Structure formats: C-alpha cells, structure tokens
Amino acid sequence: MSLLAVNNLAIATGGHDLVADLSFAIEPGQRLGLIGESGSGKSLTAMAISGLLPPAIVPRGSVTLDGVEVIGAPERKLNKLRGAASAVVFQEPLTALDPLMKLGRQLAEPLRRRFRREGRDLAGIEAETIALLERVSLPQPQRIANAYPYEVSGGQRQRVAIAMALACRPKLLIADEPTTALDVTTQAEILALLDSLVRDLGMALLFISHDLPVVSTIVDQVLVLRQGRMVETGPVKSVLGTPTQQYTQSLVAAARAFDTALGAR
Amino acid sequence: MTTIELDRPARRSAASLTFIVGLILVGLHVAIALLTLVWTPYDPSSTAGGRLEAPSLLHWAGTDRLGRDLFTQIMIGSRIALQVGIGAVGIGAAIGVTIGVLAAFATRLLDDALAAAFDILIAFPTLLLAMLVVAASDTASLWSAILALGIALSAIVGRLTRILAKRVLQMDFITAARTSGTSWPRIVVIHILPNIWPTLMVNFALQFGLAAIAEASLSYLGLGAPPPNASWGRLLQEAQGTVYTAPFGAIAPGLALLVLVIGINLFADGLRDVGDPTRRRSR
C-alpha cells in the first residue's frame, strides 16, 4: 500500500477550484518532486496532505496518508498523524521558528512527542537534541541549542528546521521550497544534507520547488503542476530530459536559457 | 551612517536609566507599603498633634483637621494604592487574557461577539461600573473598588490579547508547530503566550498606574475604601475643605500619587526592552 495516495484531489475556495483532478502516490522511501510556477497549487497540496488548509479553503477527493483518510478527518486524529506520518520543512526558516524560543527548546518539542509516542524515557531528550543538531552538521551544537533564531545564520536556521522535522521521525518528509530563501552555496549544502538524511533514515520525500535544477538533483519522480492541474508526470530523466508537454518544454527551455545566460557571463 | 552608530549606545543607556529611575520610585512605594504592615511613625487613627499643622520635623506632611499625622496616612495610602493596583490588574489580566485568547481561537461569530463586548465594556464609564458593583455588593469597600476596576481593565486587556494572539496565530512558526503535531493548548502555552507577553507586561504596568489613579477618583467620590482606610483619594477629599488654609493636606497625597504613576510609567517603558530578547542581547 502506498504511504501517500492522493486521488482526484480538488481544493476550492469560494466556488473556484485552485487545484483540480490531482492524483499521485508516494511509496515508502520514494522521492517525488512537485514542480510548478508560483500560484500553481504546490504548497496548497502540501497543506492539504497535512490537513492544515485554512478554514475558507475546502478540499475534495481523497488523501490517504499512512492508511488514514486525511480529508474530513477530525482534528484529534489528524494531530496524531502529523509528525508521525509526515513533517514539513518550510521555505523561510526565520519565520518558521519561534523568535522568542531558544533553538534547543524548539527542537525538544517534537522530540518530546516522539519519545512519548515511542514510550521512551524523557530524560534522554537533551542528549538527543544535541545529537540531532550534530546530525544536520551544525558546528558547536551546544552553542546553537542555547541561541535564539536571530542569532544564527539563515543556512543554520534551515538546518535547525530540518532537525525539527527529523525529530518527528516522519515516514514522509515534505520539503516546501526549502532552499529558495538561501544563497546558492548554502542551497547546495542543504540539498546534499536532505539527500543524505532521506537516504539514511529511509524516509519518503515530497519536494516542492519551482527550481528545476534543484528538483532534478534530489528526486526520482516529478509531477508538473500548472494552475492547479497536473501537466505531466514520470521519472525525472524522461520528464525533464524529453518533455512531451508544451508547458514542461517551456519550463525546461527557460531553465536552460537561464543557465546559458549565467554561463556566458 | 556614523551618526546612527554613535546615537545608539546613548539611547540604550537612556532607556535603562528610565527603567532604573522607575524601579526606584516604584520600589520606594513598595518598601513604604510593606513597612506600614509592621511600623508607622504615628498611630494612623489617633490624634498625634495640633489640628492642621504645617509640615515640620515632627510631622513631615503636617496634620489633618483632627490632628492625625498626614505622613502616616500617606504611607498607608501607598499600601492601599498598591493593593488596588495589584488586585485590579490581577483580575483584569486573568479574565482579559483568558477571554482574549479564546476569542482569537473562536469561530467568526463568537469572536465578533466577544470583540463587541470588549468595545462596549471599554466605552462604559468606569465610575458608573464601580457604582453598579458597589450597589450590587451593598457597601463600598476596597474590594468593590478592586473588582470594579478589574472588570473595567479586563476589557482593555482582552481586546489587546485578542489582537496580539491573532497576529501570532498567523505566523509561520505556528503552522510549522502544527505540521509536527503540536496540540492547540500546547501552542498557546509555548508559542502564543510567550510571544504576546512582553507587550502585555508593558500594558499591565501602565494599567497599574491607571488603576491607582482610578482608585483615588473612586475614593474621592466615596466609592472606594471607607474611612478608617487612608486612601489618597479620600485624603484629597478630606483636604478639600481646608485647601486654602492648609494646602499641604492636598498637595502631599497628590504628590505621592504623581510619584507612583510616573515611576510605574518609567518602569513600563524600561520593561519593554527587558522583555524582548533581541533588544536584551544587543545591549
């Protein structure tokens, strides 16, 4: 059975469909890239999977995550699913972290829930916090744990945010444009980190991005979204290498033109 | 750009200076209030000298028309002012923060109703509210004044809490916390309250000053603490008849109130910097 199965998902607000007829599945350990321009419904889809759409935005169809139907499920059931089945890394690490809470304490929050879930001794949380910070290659984890978000760099904040998602030990990691707010060098480091973590921990990955080169380095399968509709889907090599749809072709051409322009300088 | 660099340290030390001055003024009142529990220069309710004496070394603030020592009464007034401030802000904060946070989470309809209730209560004259509470509790007492002021404050605190909590609720880190399975009560405790606390604390301190003034008004009108309690408002009211012959009877309690409120306002100003780690660390 698939870890995540999305069937005929439609997301509507005020009678207007923002996403429609979207179907895809992610098997355990599989990596899928969700590609599309801004406003194509990528992040909405991610929120629908976590059951966190704003009240005015209503989903239809079916989203089954780890065997549980998410759409229409009561909050209590969803809250148990969140963290255990899925966790999200967001685009902007500064706003995704509480500015008034030390990073170590923020990281300890999801850890505490996992320890409870697994029936482990809560005394081990502090050591596990430091271990997680080391796991995401942060130097001086003790210092970072005692720092507030504004006291560390953007790349370090994103590493902490990734550590927080890992702390849940989810079966599916949803990364919503995790490198967009970072500079190119940091971007490459974060991608390499995500790649190794997902491989080592055997998690499935839903990677959302508008950046084709970034997506192609980390996922096996891609799904191209345009105005809330699926344009094309398949293995990265075939979809981005030999796109059959005009929209995908134009995306690839644009990325290529951009690369050439950069190379020419 | 150098001017900005040079300006900054000066501004910061000015901010901490106001905080220290505020702390000293408030601390002085607290110390005096605590002292009256064990010792006062004279017995507050018996004659200690001639009637309406001017300030002297024996009677620092003179005596009232019954010959009681005014400084002793002002010291006790300090205790009453602090009692009212703490009581009223305590009640206002407990009710206001609870309802404010609930309103931020409530459905649209309930939220609008609560917001309207806050606005109506704020528009309602505090003195009228105090009279209603006194009427409902049969006699005017210190507690009826505290309760009335507490209810009036709860609307102001509630409205502020609701807006602050709503703003925090829209932040990304709340969504992030929810994606990892944090429950709503836990989000309130670890994310919302700490994030609205610095602003609320400053507001509480300011409300404390307003409550002290409001209590003086209530006592002046006879709606506050009844006679043996030497509230500043009652001292002012008693001194009213002799204000031309013995002006110090009115000046002294007025001065005490002024010093307390200025102290609290300076303290509140400094508190803003202390409550925010970004400002605290950058010092």
# chains A, B, ... in the order shown; residues from 1 in each chain; ligands from 1
$ interface_residues --of "chain B" --to "chain A" --cutoff "10 Å" --atoms "only C-alpha atoms" --output "MDAnalysis selection string"
chainID B and resid 168 171:184 186 190:192 194:195 275:278 281
$ residues_around --residues "segment 85-95 of chain B" --least-positions-apart "3" --cutoff "10 Å" --atoms "only C-alpha atoms" --output "VMD selection string"
chain B and resid 79 to 82 98 to 100 143 145 to 158 161 200 to 201 203 to 215
$ write_last_selection --atoms "C-alpha atoms" --output "PDB file, in the first residue's frame"
ATOM      1  CA  ARG B  79      -0.242  50.306  50.610  1.00  0.00           C
ATOM      2  CA  ILE B  80      -3.849  50.744  49.512  1.00  0.00           C
ATOM      3  CA  ALA B  81      -2.807  52.080  46.092  1.00  0.00           C
ATOM      4  CA  LEU B  82      -0.539  49.070  45.530  1.00  0.00           C
ATOM      5  CA  THR B  98      -8.243  34.064  29.072  1.00  0.00           C
ATOM      6  CA  ILE B  99     -11.134  35.544  27.098  1.00  0.00           C
ATOM      7  CA  GLY B 100      -8.795  37.297  24.673  1.00  0.00           C
ATOM      8  CA  TRP B 143     -12.769  45.092  47.366  1.00  0.00           C
ATOM      9  CA  ALA B 145     -13.356  49.142  44.018  1.00  0.00           C
ATOM     10  CA  ILE B 146     -10.784  46.481  43.077  1.00  0.00           C
ATOM     11  CA  LEU B 147     -13.463  44.311  41.471  1.00  0.00           C
ATOM     12  CA  ALA B 148     -14.951  47.199  39.501  1.00  0.00           C
ATOM     13  CA  LEU B 149     -11.547  48.315  38.242  1.00  0.00           C
ATOM     14  CA  GLY B 150     -10.580  44.713  37.492  1.00  0.00           C
ATOM     15  CA  ILE B 151     -13.657  44.233  35.309  1.00  0.00           C
ATOM     16  CA  ALA B 152     -13.028  47.516  33.510  1.00  0.00           C
ATOM     17  CA  LEU B 153      -9.381  46.535  32.905  1.00  0.00           C
ATOM     18  CA  SER B 154     -10.268  43.042  31.710  1.00  0.00           C
ATOM     19  CA  ALA B 155     -11.954  44.526  28.628  1.00  0.00           C
ATOM     20  CA  ILE B 156      -8.853  46.541  27.731  1.00  0.00           C
ATOM     21  CA  VAL B 157      -6.558  43.549  28.343  1.00  0.00           C
ATOM     22  CA  GLY B 158      -8.951  41.212  26.493  1.00  0.00           C
ATOM     23  CA  THR B 161      -4.747  39.981  23.923  1.00  0.00           C
ATOM     24  CA  LEU B 200       1.091  42.581  27.747  1.00  0.00           C
ATOM     25  CA  MET B 201       3.558  43.194  30.582  1.00  0.00           C
ATOM     26  CA  ASN B 203       0.358  47.212  29.225  1.00  0.00           C
ATOM     27  CA  PHE B 204      -0.191  45.718  32.695  1.00  0.00           C
ATOM     28  CA  ALA B 205       2.321  48.158  34.171  1.00  0.00           C
ATOM     29  CA  LEU B 206       0.536  51.108  32.525  1.00  0.00           C
ATOM     30  CA  GLN B 207      -2.865  49.790  33.674  1.00  0.00           C
ATOM     31  CA  PHE B 208      -1.444  49.546  37.179  1.00  0.00           C
ATOM     32  CA  GLY B 209      -0.807  53.296  37.144  1.00  0.00           C
ATOM     33  CA  LEU B 210      -4.284  53.979  35.736  1.00  0.00           C
ATOM     34  CA  ALA B 211      -5.842  51.754  38.411  1.00  0.00           C
ATOM     35  CA  ALA B 212      -4.043  53.717  41.155  1.00  0.00           C
ATOM     36  CA  ILE B 213      -5.456  56.979  39.727  1.00  0.00           C
ATOM     37  CA  ALA B 214      -8.931  55.467  39.247  1.00  0.00           C
ATOM     38  CA  GLU B 215      -8.963  54.213  42.844  1.00  0.00           C
TER      39      GLU B 215
END
$ closest_residue --among "B:Thr107, B:Val21, B:His59, B:Thr36" --to "Pro55 of chain A" --atoms "only C-alpha atoms"
B:Thr107
$ closest_residue --among "A:Val58, A:Leu32, A:Leu44, A:Ala253" --to "Gly241 of chain A" --atoms "only C-alpha atoms"
A:Ala253
$ select_by_dssp --residues "segment 68-234 of chain A" --states "alpha helix (DSSP H)" --output "PyMOL selection string"
chain A and resi 75-81+103-117+125-135+141-145+154-167+184-201+212-218
$ residues_around --residues "Leu103 of chain A" --least-positions-apart "6" --cutoff "8 Å" --atoms "only C-alpha atoms" --output "MDAnalysis selection string"
chainID A and resid 144:149 160
$ residues_around --residues "Leu34 of chain B" --least-positions-apart "6" --cutoff "12 Å" --atoms "only C-alpha atoms" --output "list in words"
Gly27, Leu28, Thr40, Met75, Ile76, Gly77, Ser78, Arg79, Ile80, Leu82 and Gln83 of chain B
$ write_last_selection --atoms "all heavy atoms" --output "PDB file, in the first residue's frame"
ATOM      1  N   GLY B  27       9.838  50.951  43.743  1.00  0.00           N
ATOM      2  CA  GLY B  27      10.411  50.225  44.873  1.00  0.00           C
ATOM      3  C   GLY B  27      10.217  50.970  46.189  1.00  0.00           C
ATOM      4  O   GLY B  27       9.925  50.372  47.233  1.00  0.00           O
ATOM      5  N   LEU B  28      10.341  52.315  46.118  1.00  0.00           N
ATOM      6  CA  LEU B  28      10.148  53.157  47.291  1.00  0.00           C
ATOM      7  C   LEU B  28       8.739  52.965  47.850  1.00  0.00           C
ATOM      8  O   LEU B  28       8.537  52.782  49.052  1.00  0.00           O
ATOM      9  CB  LEU B  28      10.357  54.613  46.883  1.00  0.00           C
ATOM     10  CG  LEU B  28      10.566  55.632  47.991  1.00  0.00           C
ATOM     11  CD1 LEU B  28      11.914  55.395  48.651  1.00  0.00           C
ATOM     12  CD2 LEU B  28      10.495  57.048  47.420  1.00  0.00           C
ATOM     13  N   THR B  40       4.421  52.309  61.721  1.00  0.00           N
ATOM     14  CA  THR B  40       4.125  53.630  61.166  1.00  0.00           C
ATOM     15  C   THR B  40       4.618  54.660  62.184  1.00  0.00           C
ATOM     16  O   THR B  40       4.667  54.366  63.386  1.00  0.00           O
ATOM     17  CB  THR B  40       2.617  53.833  60.928  1.00  0.00           C
ATOM     18  OG1 THR B  40       1.924  53.490  62.131  1.00  0.00           O
ATOM     19  CG2 THR B  40       2.098  52.988  59.786  1.00  0.00           C
ATOM     20  N   MET B  75       1.526  57.053  53.955  1.00  0.00           N
ATOM     21  CA  MET B  75       2.224  55.758  53.889  1.00  0.00           C
ATOM     22  C   MET B  75       1.219  54.613  53.742  1.00  0.00           C
ATOM     23  O   MET B  75       1.392  53.701  52.933  1.00  0.00           O
ATOM     24  CB  MET B  75       3.062  55.549  55.160  1.00  0.00           C
ATOM     25  CG  MET B  75       4.365  56.333  55.168  1.00  0.00           C
ATOM     26  SD  MET B  75       5.210  56.204  56.751  1.00  0.00           S
ATOM     27  CE  MET B  75       5.766  54.510  56.736  1.00  0.00           C
ATOM     28  N   ILE B  76       0.138  54.705  54.525  1.00  0.00           N
ATOM     29  CA  ILE B  76      -0.878  53.653  54.433  1.00  0.00           C
ATOM     30  C   ILE B  76      -1.587  53.721  53.085  1.00  0.00           C
ATOM     31  O   ILE B  76      -1.902  52.694  52.466  1.00  0.00           O
ATOM     32  CB  ILE B  76      -1.863  53.774  55.613  1.00  0.00           C
ATOM     33  CG1 ILE B  76      -1.113  53.414  56.905  1.00  0.00           C
ATOM     34  CG2 ILE B  76      -3.073  52.866  55.418  1.00  0.00           C
ATOM     35  CD1 ILE B  76      -1.895  53.645  58.168  1.00  0.00           C
ATOM     36  N   GLY B  77      -1.762  54.962  52.594  1.00  0.00           N
ATOM     37  CA  GLY B  77      -2.365  55.145  51.266  1.00  0.00           C
ATOM     38  C   GLY B  77      -1.551  54.452  50.190  1.00  0.00           C
ATOM     39  O   GLY B  77      -2.093  53.910  49.220  1.00  0.00           O
ATOM     40  N   SER B  78      -0.237  54.461  50.378  1.00  0.00           N
ATOM     41  CA  SER B  78       0.662  53.792  49.451  1.00  0.00           C
ATOM     42  C   SER B  78       0.327  52.295  49.377  1.00  0.00           C
ATOM     43  O   SER B  78       0.276  51.702  48.303  1.00  0.00           O
ATOM     44  CB  SER B  78       2.077  53.986  49.982  1.00  0.00           C
ATOM     45  OG  SER B  78       3.014  53.835  49.003  1.00  0.00           O
ATOM     46  N   ARG B  79       0.083  51.731  50.550  1.00  0.00           N
ATOM     47  CA  ARG B  79      -0.242  50.306  50.610  1.00  0.00           C
ATOM     48  C   ARG B  79      -1.563  50.043  49.894  1.00  0.00           C
ATOM     49  O   ARG B  79      -1.692  49.095  49.131  1.00  0.00           O
ATOM     50  CB  ARG B  79      -0.340  49.879  52.079  1.00  0.00           C
ATOM     51  CG  ARG B  79      -0.502  48.379  52.239  1.00  0.00           C
ATOM     52  CD  ARG B  79      -0.517  48.006  53.698  1.00  0.00           C
ATOM     53  NE  ARG B  79      -1.790  48.295  54.322  1.00  0.00           N
ATOM     54  CZ  ARG B  79      -1.943  48.564  55.628  1.00  0.00           C
ATOM     55  NH1 ARG B  79      -0.890  48.632  56.415  1.00  0.00           N
ATOM     56  NH2 ARG B  79      -3.133  48.781  56.120  1.00  0.00           N
ATOM     57  N   ILE B  80      -2.537  50.937  50.154  1.00  0.00           N
ATOM     58  CA  ILE B  80      -3.849  50.744  49.512  1.00  0.00           C
ATOM     59  C   ILE B  80      -3.750  50.888  47.998  1.00  0.00           C
ATOM     60  O   ILE B  80      -4.310  50.081  47.252  1.00  0.00           O
ATOM     61  CB  ILE B  80      -4.866  51.742  50.112  1.00  0.00           C
ATOM     62  CG1 ILE B  80      -5.124  51.342  51.559  1.00  0.00           C
ATOM     63  CG2 ILE B  80      -6.150  51.774  49.303  1.00  0.00           C
ATOM     64  CD1 ILE B  80      -5.956  52.313  52.330  1.00  0.00           C
ATOM     65  N   LEU B  82      -1.178  50.260  46.091  1.00  0.00           N
ATOM     66  CA  LEU B  82      -0.539  49.070  45.530  1.00  0.00           C
ATOM     67  C   LEU B  82      -1.488  47.871  45.563  1.00  0.00           C
ATOM     68  O   LEU B  82      -1.563  47.088  44.619  1.00  0.00           O
ATOM     69  CB  LEU B  82       0.748  48.736  46.293  1.00  0.00           C
ATOM     70  CG  LEU B  82       1.893  49.727  46.102  1.00  0.00           C
ATOM     71  CD1 LEU B  82       3.097  49.317  46.943  1.00  0.00           C
ATOM     72  CD2 LEU B  82       2.288  49.820  44.639  1.00  0.00           C
ATOM     73  N   GLN B  83      -2.234  47.772  46.662  1.00  0.00           N
ATOM     74  CA  GLN B  83      -3.209  46.682  46.798  1.00  0.00           C
ATOM     75  C   GLN B  83      -4.222  46.736  45.656  1.00  0.00           C
ATOM     76  O   GLN B  83      -4.517  45.737  45.015  1.00  0.00           O
ATOM     77  CB  GLN B  83      -3.964  46.883  48.117  1.00  0.00           C
ATOM     78  CG  GLN B  83      -4.027  45.680  49.016  1.00  0.00           C
ATOM     79  CD  GLN B  83      -4.672  46.070  50.338  1.00  0.00           C
ATOM     80  OE1 GLN B  83      -4.324  47.095  50.934  1.00  0.00           O
ATOM     81  NE2 GLN B  83      -5.625  45.278  50.790  1.00  0.00           N
TER      82      GLN B  83
END
$ atom_distance --atom1 "atom CA of Asp21 of chain A" --atom2 "atom CA of Leu240 of chain A"
22.2 Å
$ select_by_dssp --residues "segment 41-132 of chain A" --states "strand (DSSP E)" --output "list in words"
Val58, Pro59, Arg60, Gly61, Ser62, Val63, Thr64, Leu65, Val68, Glu69, Ser86, Ala87, Val88 and Val89 of chain A
$ atom_distance --atom1 "atom CA of Ala61 of chain B" --atom2 "atom CA of Leu35 of chain B"
17.6 Å
$ closest_atom_pairs --of "segment 114-152 of chain A" --to "segment 183-204 of chain A" --cutoff "12 Å" --atoms "only C-alpha atoms" --output "tab-separated table"
residue	atom	partner	partner_atom	distance
A:Leu132	CA	A:Leu197	CA	11.2
A:Glu134	CA	A:Leu193	CA	11.8
A:Arg135	CA	A:Leu197	CA	8.6
A:Val136	CA	A:Leu193	CA	6.9
A:Ser137	CA	A:Leu193	CA	8.1
A:Leu138	CA	A:Leu193	CA	11.0
$ write_last_selection --atoms "all heavy atoms" --output "PDB file, in the first residue's frame"
ATOM      1  N   LEU A 132      20.869  15.450  17.343  1.00  0.00           N
ATOM      2  CA  LEU A 132      20.174  15.861  16.115  1.00  0.00           C
ATOM      3  C   LEU A 132      20.856  17.064  15.473  1.00  0.00           C
ATOM      4  O   LEU A 132      20.981  17.141  14.252  1.00  0.00           O
ATOM      5  CB  LEU A 132      18.721  16.214  16.429  1.00  0.00           C
ATOM      6  CG  LEU A 132      17.696  15.109  16.211  1.00  0.00           C
ATOM      7  CD1 LEU A 132      16.340  15.560  16.708  1.00  0.00           C
ATOM      8  CD2 LEU A 132      17.615  14.737  14.736  1.00  0.00           C
ATOM      9  N   GLU A 134      23.924  17.770  15.668  1.00  0.00           N
ATOM     10  CA  GLU A 134      25.145  17.249  15.046  1.00  0.00           C
ATOM     11  C   GLU A 134      24.809  16.541  13.739  1.00  0.00           C
ATOM     12  O   GLU A 134      25.516  16.660  12.748  1.00  0.00           O
ATOM     13  CB  GLU A 134      25.842  16.259  15.992  1.00  0.00           C
ATOM     14  CG  GLU A 134      26.829  16.941  16.901  1.00  0.00           C
ATOM     15  CD  GLU A 134      27.319  16.025  18.009  1.00  0.00           C
ATOM     16  OE1 GLU A 134      26.879  14.847  18.068  1.00  0.00           O
ATOM     17  OE2 GLU A 134      28.125  16.502  18.828  1.00  0.00           O
ATOM     18  N   ARG A 135      23.675  15.835  13.766  1.00  0.00           N
ATOM     19  CA  ARG A 135      23.233  15.066  12.601  1.00  0.00           C
ATOM     20  C   ARG A 135      23.019  15.956  11.380  1.00  0.00           C
ATOM     21  O   ARG A 135      23.242  15.556  10.248  1.00  0.00           O
ATOM     22  CB  ARG A 135      21.916  14.353  12.967  1.00  0.00           C
ATOM     23  CG  ARG A 135      21.424  13.348  11.969  1.00  0.00           C
ATOM     24  CD  ARG A 135      22.248  12.072  12.037  1.00  0.00           C
ATOM     25  NE  ARG A 135      21.902  11.152  10.961  1.00  0.00           N
ATOM     26  CZ  ARG A 135      22.307  11.309   9.710  1.00  0.00           C
ATOM     27  NH1 ARG A 135      23.029  12.333   9.367  1.00  0.00           N
ATOM     28  NH2 ARG A 135      21.964  10.427   8.780  1.00  0.00           N
ATOM     29  N   VAL A 136      22.548  17.213  11.612  1.00  0.00           N
ATOM     30  CA  VAL A 136      22.352  18.124  10.482  1.00  0.00           C
ATOM     31  C   VAL A 136      23.594  19.002  10.268  1.00  0.00           C
ATOM     32  O   VAL A 136      23.514  20.095   9.712  1.00  0.00           O
ATOM     33  CB  VAL A 136      21.094  19.015  10.661  1.00  0.00           C
ATOM     34  CG1 VAL A 136      19.838  18.171  10.593  1.00  0.00           C
ATOM     35  CG2 VAL A 136      21.133  19.789  11.968  1.00  0.00           C
ATOM     36  N   SER A 137      24.745  18.473  10.727  1.00  0.00           N
ATOM     37  CA  SER A 137      26.051  19.094  10.500  1.00  0.00           C
ATOM     38  C   SER A 137      26.155  20.527  11.002  1.00  0.00           C
ATOM     39  O   SER A 137      26.694  21.398  10.321  1.00  0.00           O
ATOM     40  CB  SER A 137      26.418  19.077   9.014  1.00  0.00           C
ATOM     41  OG  SER A 137      26.190  17.822   8.469  1.00  0.00           O
ATOM     42  N   LEU A 138      25.613  20.799  12.177  1.00  0.00           N
ATOM     43  CA  LEU A 138      25.775  22.129  12.751  1.00  0.00           C
ATOM     44  C   LEU A 138      27.006  22.125  13.649  1.00  0.00           C
ATOM     45  O   LEU A 138      27.158  21.231  14.484  1.00  0.00           O
ATOM     46  CB  LEU A 138      24.541  22.519  13.564  1.00  0.00           C
ATOM     47  CG  LEU A 138      23.382  23.083  12.750  1.00  0.00           C
ATOM     48  CD1 LEU A 138      22.117  23.117  13.570  1.00  0.00           C
ATOM     49  CD2 LEU A 138      23.718  24.470  12.241  1.00  0.00           C
TER      50      LEU A 138
END
$ residues_around --residues "Gly67 of chain A" --least-positions-apart "3" --cutoff "10 Å" --atoms "only C-alpha atoms" --output "list in words"
Met1, Ser2, Leu3, Leu4, Ala5, Val63, Thr64, Val70 and Ala85 of chain A
$ write_last_selection --atoms "N, CA, C and O atoms" --output "PDB file, in the first residue's frame"
ATOM      1  N   MET A   1       0.842  -1.195   0.000  1.00  0.00           N
ATOM      2  CA  MET A   1       0.000   0.000   0.000  1.00  0.00           C
ATOM      3  C   MET A   1       0.883   1.252   0.000  1.00  0.00           C
ATOM      4  O   MET A   1       1.910   1.295   0.649  1.00  0.00           O
ATOM      5  N   SER A   2       0.440   2.222  -0.748  1.00  0.00           N
ATOM      6  CA  SER A   2       1.233   3.465  -0.818  1.00  0.00           C
ATOM      7  C   SER A   2       1.239   4.173   0.524  1.00  0.00           C
ATOM      8  O   SER A   2       0.276   4.099   1.276  1.00  0.00           O
ATOM      9  N   LEU A   3       2.357   4.890   0.796  1.00  0.00           N
ATOM     10  CA  LEU A   3       2.443   5.692   2.015  1.00  0.00           C
ATOM     11  C   LEU A   3       1.499   6.884   1.891  1.00  0.00           C
ATOM     12  O   LEU A   3       0.767   7.237   2.814  1.00  0.00           O
ATOM     13  N   LEU A   4       1.526   7.497   0.700  1.00  0.00           N
ATOM     14  CA  LEU A   4       0.630   8.627   0.447  1.00  0.00           C
ATOM     15  C   LEU A   4      -0.093   8.376  -0.863  1.00  0.00           C
ATOM     16  O   LEU A   4       0.538   8.097  -1.883  1.00  0.00           O
ATOM     17  N   ALA A   5      -1.421   8.425  -0.826  1.00  0.00           N
ATOM     18  CA  ALA A   5      -2.191   8.269  -2.053  1.00  0.00           C
ATOM     19  C   ALA A   5      -3.143   9.443  -2.194  1.00  0.00           C
ATOM     20  O   ALA A   5      -3.985   9.669  -1.331  1.00  0.00           O
ATOM     21  N   VAL A  63      -7.247  11.958   0.218  1.00  0.00           N
ATOM     22  CA  VAL A  63      -5.813  11.941   0.517  1.00  0.00           C
ATOM     23  C   VAL A  63      -5.624  10.898   1.611  1.00  0.00           C
ATOM     24  O   VAL A  63      -6.131  11.062   2.718  1.00  0.00           O
ATOM     25  N   THR A  64      -4.946   9.800   1.287  1.00  0.00           N
ATOM     26  CA  THR A  64      -4.696   8.781   2.305  1.00  0.00           C
ATOM     27  C   THR A  64      -3.223   8.822   2.680  1.00  0.00           C
ATOM     28  O   THR A  64      -2.362   8.595   1.843  1.00  0.00           O
ATOM     29  N   VAL A  70      -7.231  11.668   5.206  1.00  0.00           N
ATOM     30  CA  VAL A  70      -6.988  12.975   5.818  1.00  0.00           C
ATOM     31  C   VAL A  70      -8.183  13.904   5.641  1.00  0.00           C
ATOM     32  O   VAL A  70      -8.575  14.624   6.557  1.00  0.00           O
ATOM     33  N   ALA A  85       3.504  10.589  10.744  1.00  0.00           N
ATOM     34  CA  ALA A  85       3.442  10.184   9.345  1.00  0.00           C
ATOM     35  C   ALA A  85       4.138  11.195   8.446  1.00  0.00           C
ATOM     36  O   ALA A  85       4.800  10.834   7.482  1.00  0.00           O
TER      37      ALA A  85
END
$ residues_around --residues "Ala239 of chain B" --least-positions-apart "6" --cutoff "8 Å" --atoms "only C-alpha atoms" --output "PyMOL selection string"
chain B and resi 64+246-247+249-250
$ write_last_selection --atoms "N, CA and C atoms" --output "tab-separated table (two decimals), in the first residue's frame"
chain	number	residue	atom	x	y	z
B	64	ASP	N	-3.85	66.50	59.82
B	64	ASP	CA	-5.17	66.80	59.23
B	64	ASP	C	-6.02	67.55	60.25
B	246	ALA	N	-4.78	75.15	54.67
B	246	ALA	CA	-3.71	74.16	54.87
B	246	ALA	C	-3.51	73.37	53.58
B	247	PRO	N	-2.90	74.02	52.56
B	247	PRO	CA	-2.81	73.38	51.24
B	247	PRO	C	-2.02	72.09	51.24
B	249	GLY	N	-2.22	69.49	52.93
B	249	GLY	CA	-3.07	68.31	53.08
B	249	GLY	C	-3.50	67.74	51.74
B	250	ALA	N	-3.62	68.63	50.72
B	250	ALA	CA	-4.00	68.17	49.39
B	250	ALA	C	-2.78	67.89	48.53
$ residues_around --residues "Pro253 of chain B" --least-positions-apart "6" --cutoff "9 Å" --atoms "only C-alpha atoms" --output "VMD selection string"
chain B and resid 70 to 71 73 to 74 77 231 to 233 235 to 236
$ write_last_selection --atoms "all heavy atoms" --output "short mmCIF file (atom, residue, chain, number, x, y, z; two decimals), in the first residue's frame"
data_model
loop_
_atom_site.label_atom_id
_atom_site.label_comp_id
_atom_site.auth_asym_id
_atom_site.auth_seq_id
_atom_site.Cartn_x
_atom_site.Cartn_y
_atom_site.Cartn_z
N LEU B 70 -0.32 63.26 58.87
CA LEU B 70 -0.64 63.01 57.46
C LEU B 70 0.35 62.06 56.79
O LEU B 70 -0.02 61.25 55.95
CB LEU B 70 -0.66 64.34 56.70
CG LEU B 70 -2.04 64.95 56.46
CD1 LEU B 70 -1.91 66.27 55.73
CD2 LEU B 70 -2.91 63.99 55.64
N PHE B 71 1.61 62.16 57.17
CA PHE B 71 2.61 61.29 56.54
C PHE B 71 2.28 59.82 56.80
O PHE B 71 2.41 58.99 55.91
CB PHE B 71 4.02 61.64 57.03
CG PHE B 71 5.09 61.05 56.17
CD1 PHE B 71 5.40 61.62 54.94
CD2 PHE B 71 5.78 59.91 56.55
CE1 PHE B 71 6.36 61.07 54.12
CE2 PHE B 71 6.76 59.35 55.73
CZ PHE B 71 7.04 59.95 54.52
N GLN B 73 -0.66 58.62 57.23
CA GLN B 73 -1.81 58.26 56.39
C GLN B 73 -1.40 58.05 54.93
O GLN B 73 -1.90 57.17 54.24
CB GLN B 73 -2.85 59.38 56.46
CG GLN B 73 -3.19 59.73 57.88
CD GLN B 73 -4.68 59.78 58.11
OE1 GLN B 73 -5.42 59.07 57.44
NE2 GLN B 73 -5.11 60.61 59.03
N ILE B 74 -0.44 58.89 54.48
CA ILE B 74 0.02 58.75 53.09
C ILE B 74 0.76 57.43 52.91
O ILE B 74 0.63 56.76 51.89
CB ILE B 74 0.90 59.95 52.70
CG1 ILE B 74 -0.02 61.16 52.52
CG2 ILE B 74 1.68 59.69 51.42
CD1 ILE B 74 0.70 62.47 52.42
N GLY B 77 -1.76 54.96 52.59
CA GLY B 77 -2.36 55.15 51.27
C GLY B 77 -1.55 54.45 50.19
O GLY B 77 -2.09 53.91 49.22
N SER B 231 -7.02 56.04 52.04
CA SER B 231 -6.69 56.07 50.61
C SER B 231 -6.35 57.50 50.22
O SER B 231 -6.90 58.46 50.76
CB SER B 231 -7.88 55.57 49.81
OG SER B 231 -7.88 56.11 48.53
N TRP B 232 -5.45 57.65 49.23
CA TRP B 232 -5.04 59.00 48.81
C TRP B 232 -6.23 59.82 48.32
O TRP B 232 -6.32 61.01 48.56
CB TRP B 232 -3.98 58.92 47.71
CG TRP B 232 -2.67 58.37 48.19
CD1 TRP B 232 -2.19 58.43 49.47
CD2 TRP B 232 -1.69 57.69 47.41
NE1 TRP B 232 -0.96 57.83 49.54
CE2 TRP B 232 -0.61 57.37 48.29
CE3 TRP B 232 -1.58 57.33 46.08
CZ2 TRP B 232 0.51 56.71 47.85
CZ3 TRP B 232 -0.45 56.68 45.63
CH2 TRP B 232 0.59 56.36 46.52
N GLY B 233 -7.14 59.16 47.63
CA GLY B 233 -8.31 59.86 47.12
C GLY B 233 -9.15 60.43 48.26
O GLY B 233 -9.66 61.55 48.19
N LEU B 235 -7.99 61.15 51.28
CA LEU B 235 -7.20 62.23 51.89
C LEU B 235 -7.41 63.53 51.12
O LEU B 235 -7.58 64.61 51.70
CB LEU B 235 -5.71 61.86 51.90
CG LEU B 235 -5.29 60.69 52.79
CD1 LEU B 235 -3.78 60.48 52.71
CD2 LEU B 235 -5.71 60.94 54.23
N LEU B 236 -7.41 63.41 49.78
CA LEU B 236 -7.63 64.59 48.93
C LEU B 236 -9.00 65.18 49.19
O LEU B 236 -9.17 66.39 49.32
CB LEU B 236 -7.52 64.20 47.45
CG LEU B 236 -6.12 64.02 46.88
CD1 LEU B 236 -6.19 63.36 45.51
CD2 LEU B 236 -5.41 65.36 46.78
#
